[in-house]
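All remarks here apply to the structure that follows.
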Amino acid sequence: MAKVFITGIAGGFGRPTALALLDRGHAVAGSVRRRGGRSAETVAELEAAGAGIVEMDVTDTASTEAGVAEAIALLGGLDVLFNNAGIGSYGIQELMSPEDMGRVFDVNVTGVQRVMRAALPHLRAQGRGTVLYTSSLIGRIATPFYGTYSASKWALEAIVECYRTELSGFGIESCIIEPGAMPTAFFDGMVAPDDPHREAGYGPFAQVPAMSASGLAQLLDATPAQRPERIAEAVVALLDMPHGRKPFRTVVDHTGVGPQIERYNDVLHDVTRTVLSKFGIAQMLDLNA
């Protein structure tokens, strides 16, 4: 059984994933920014189920390094790192301040880099490991009003493409999970613009984001299969696969969009291998090549 560290373990994807892994006999530790407040009940539930919990802020380098070290100590090692912590954003792109964009990128992009720098020396030293990442379907395409969030997930996907090749020779496999929209508390904590002066310049169009959000809520209500437990099922399935045989990208979606993203991914994977072949480095796409 694997020793798994999940960032954002109390979130909409983290909690069901942790519980599913614990039920399968894996050792699980996870991070929360604070044990108290909104996370307190979930933290208590996870600890009762057997998870180790560390306080860690992925936007702070010292906190991240200490949190990863504590998690490795709790687990007695580390086999699987699940970069799951994230923050959303929603609104007309022009209205999003540079500071708000920075907040999103600091969690979704730089935060992952902080965690990787803290964990990778351990994984490289043991010559084996699995790193999972929570991305998004709109980390592959862009849709209106999610520009900042999509940009952060596009950036994440680019970074992971590089990690995939740069870590394969160390026995470390990389897996991106791409969920569609899910009914979680994630939407409650979204970064939203606050610029009424600029918003006024958009006239009636300024009401469109709210109408679009309402339409998404109706879609999710009408699609009961689209639920966070599907992410847990995908993670369990990935960890059941042999080392080095896991797919690089896994789409998790039941709204009908998923197959289109899978088609896009298949083409990109072929293009990537062809381009890297031109430079004589396609073997870096394969584990332990």
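Numbering starts fresh at 1 for the residues of each chain in the structure tokens, the chains themselves are lettered A, B, ... in the order given, and ligands are numbered from 1 as they appear.
Residues in contact with Leu74 of chain A at 12 Å, where only C-alpha atoms are counted and same-chain residues fewer than 3 positions away are skipped, are listed as A:Lys3, A:Val4, A:Phe5, A:Ala27, A:Val28, A:Ala29, A:Gly30, A:Ser31, A:Gly50, A:Ala51, A:Gly52, A:Ile53, A:Val54, A:Gly67, A:Val68, A:Ala69, A:Glu70, A:Ala71, A:Gly77, A:Leu78.
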Atoms to include: N, CA and C atoms. Write the selected residues as an mmCIF file, in the first residue's frame.
data_model
loop_
_atom_site.group_PDB
_atom_site.id
_atom_site.type_symbol
_atom_site.label_atom_id
_atom_site.label_comp_id
_atom_site.auth_asym_id
_atom_site.auth_seq_id
_atom_site.Cartn_x
_atom_site.Cartn_y
_atom_site.Cartn_z
ATOM 1 N N LYS A 3 2.079 5.327 0.511
ATOM 2 C CA LYS A 3 2.077 6.445 1.450
ATOM 3 C C LYS A 3 1.794 7.702 0.641
ATOM 4 N N VAL A 4 0.627 8.325 0.896
ATOM 5 C CA VAL A 4 0.096 9.377 0.027
ATOM 6 C C VAL A 4 -0.034 10.691 0.787
ATOM 7 N N PHE A 5 0.450 11.765 0.181
ATOM 8 C CA PHE A 5 0.279 13.107 0.744
ATOM 9 C C PHE A 5 -0.594 13.918 -0.198
ATOM 10 N N ALA A 27 -1.846 4.590 3.372
ATOM 11 C CA ALA A 27 -1.549 5.555 4.432
ATOM 12 C C ALA A 27 -1.669 6.939 3.835
ATOM 13 N N VAL A 28 -2.419 7.817 4.513
ATOM 14 C CA VAL A 28 -2.732 9.130 3.943
ATOM 15 C C VAL A 28 -2.426 10.235 4.937
ATOM 16 N N ALA A 29 -1.766 11.269 4.458
ATOM 17 C CA ALA A 29 -1.619 12.520 5.192
ATOM 18 C C ALA A 29 -2.031 13.645 4.256
ATOM 19 N N GLY A 30 -2.446 14.749 4.823
ATOM 20 C CA GLY A 30 -2.885 15.847 3.977
ATOM 21 C C GLY A 30 -2.695 17.185 4.651
ATOM 22 N N SER A 31 -2.746 18.232 3.833
ATOM 23 C CA SER A 31 -2.538 19.580 4.357
ATOM 24 C C SER A 31 -3.823 20.390 4.349
ATOM 25 N N GLY A 50 -8.239 8.037 10.097
ATOM 26 C CA GLY A 50 -6.851 7.578 10.066
ATOM 27 C C GLY A 50 -5.879 8.439 9.306
ATOM 28 N N ALA A 51 -6.338 9.583 8.792
ATOM 29 C CA ALA A 51 -5.440 10.473 8.051
ATOM 30 C C ALA A 51 -4.624 11.330 9.002
ATOM 31 N N GLY A 52 -3.389 11.606 8.632
ATOM 32 C CA GLY A 52 -2.575 12.572 9.351
ATOM 33 C C GLY A 52 -2.787 13.950 8.746
ATOM 34 N N ILE A 53 -2.894 14.954 9.561
ATOM 35 C CA ILE A 53 -3.174 16.306 9.079
ATOM 36 C C ILE A 53 -2.042 17.246 9.486
ATOM 37 N N VAL A 54 -1.562 18.039 8.508
ATOM 38 C CA VAL A 54 -0.560 19.059 8.799
ATOM 39 C C VAL A 54 -1.103 20.406 8.357
ATOM 40 N N GLY A 67 5.665 21.780 6.205
ATOM 41 C CA GLY A 67 4.501 20.909 6.097
ATOM 42 C C GLY A 67 4.803 19.618 5.368
ATOM 43 N N VAL A 68 5.556 19.704 4.273
ATOM 44 C CA VAL A 68 5.917 18.496 3.530
ATOM 45 C C VAL A 68 6.807 17.598 4.384
ATOM 46 N N ALA A 69 7.764 18.200 5.079
ATOM 47 C CA ALA A 69 8.650 17.415 5.950
ATOM 48 C C ALA A 69 7.858 16.725 7.057
ATOM 49 N N GLU A 70 6.875 17.437 7.629
ATOM 50 C CA GLU A 70 6.050 16.846 8.678
ATOM 51 C C GLU A 70 5.210 15.696 8.135
ATOM 52 N N ALA A 71 4.670 15.881 6.936
ATOM 53 C CA ALA A 71 3.850 14.825 6.336
ATOM 54 C C ALA A 71 4.684 13.578 6.066
ATOM 55 N N GLY A 77 7.609 8.116 5.198
ATOM 56 C CA GLY A 77 8.072 8.067 3.814
ATOM 57 C C GLY A 77 7.037 8.709 2.899
ATOM 58 N N LEU A 78 7.272 8.623 1.604
ATOM 59 C CA LEU A 78 6.334 9.205 0.640
ATOM 60 C C LEU A 78 6.430 8.447 -0.676
#
ask   = Contacts of Pro209 of chain A at 8 Å or less, counting only C-alpha atoms, minus same-chain residues fewer than 5 places along, as a list in words?
value = Gly91, Ile92 and Phe145 of chain A
query = Hey, what does DSSP flag as helix (DSSP H, G or I) within segment 2-233 of chain A? Can you give it to me as an MDAnalysis selection string?
reply = chainID A and resid 14:23 37:49 61:75 93:95 98:126 137:139 147:170 185:189 196:200 203:221 229:233
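The set of residues in segment 164-239 of chain A assigned to strand (DSSP E) by DSSP, using only backbone atoms of this structure, is A:Ile172, A:Glu173, A:Ser174, A:Cys175, A:Ile176, A:Ile177, A:Glu178, A:Pro179.
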Export C-alpha atoms of the chosen residues as a compact mmCIF listing (two decimals), in the first residue's frame?
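What follows is the written file out-v9.txt:
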# COMPACT_ATOMS: atom_id res chain seq x y z
CA ILE A 172 8.90 9.43 -11.00
CA GLU A 173 5.67 9.26 -12.98
CA SER A 174 3.36 12.23 -13.57
CA CYS A 175 -0.44 12.12 -13.87
CA ILE A 176 -2.78 15.05 -14.52
CA ILE A 177 -6.44 14.73 -13.54
CA GLU A 178 -8.77 17.00 -15.51
CA PRO A 179 -12.20 17.34 -13.88
request  = Enter the distance from atom CA of Glu65 of chain A to atom CA of Val107 of chain A, in Å, rounded to one decimal.
outcome  = 14.9 Å
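Closest approach to Val208 of chain A among A:Pro144, A:Thr64, A:Ala181, A:Leu19 is made by A:Pro144 (distances from only C-alpha atoms).
By chain and then residue number, the residues within 12 Å of Ala206 of chain A are Gly91, Ile92, Gln93, Glu94, Leu95, Phe145, Pro193, Asp195, Pro196, His197, Arg198, Glu199, Ala200 and Ser212 of chain A, counting only C-alpha atoms and disregarding those fewer than 6 positions away in sequence.
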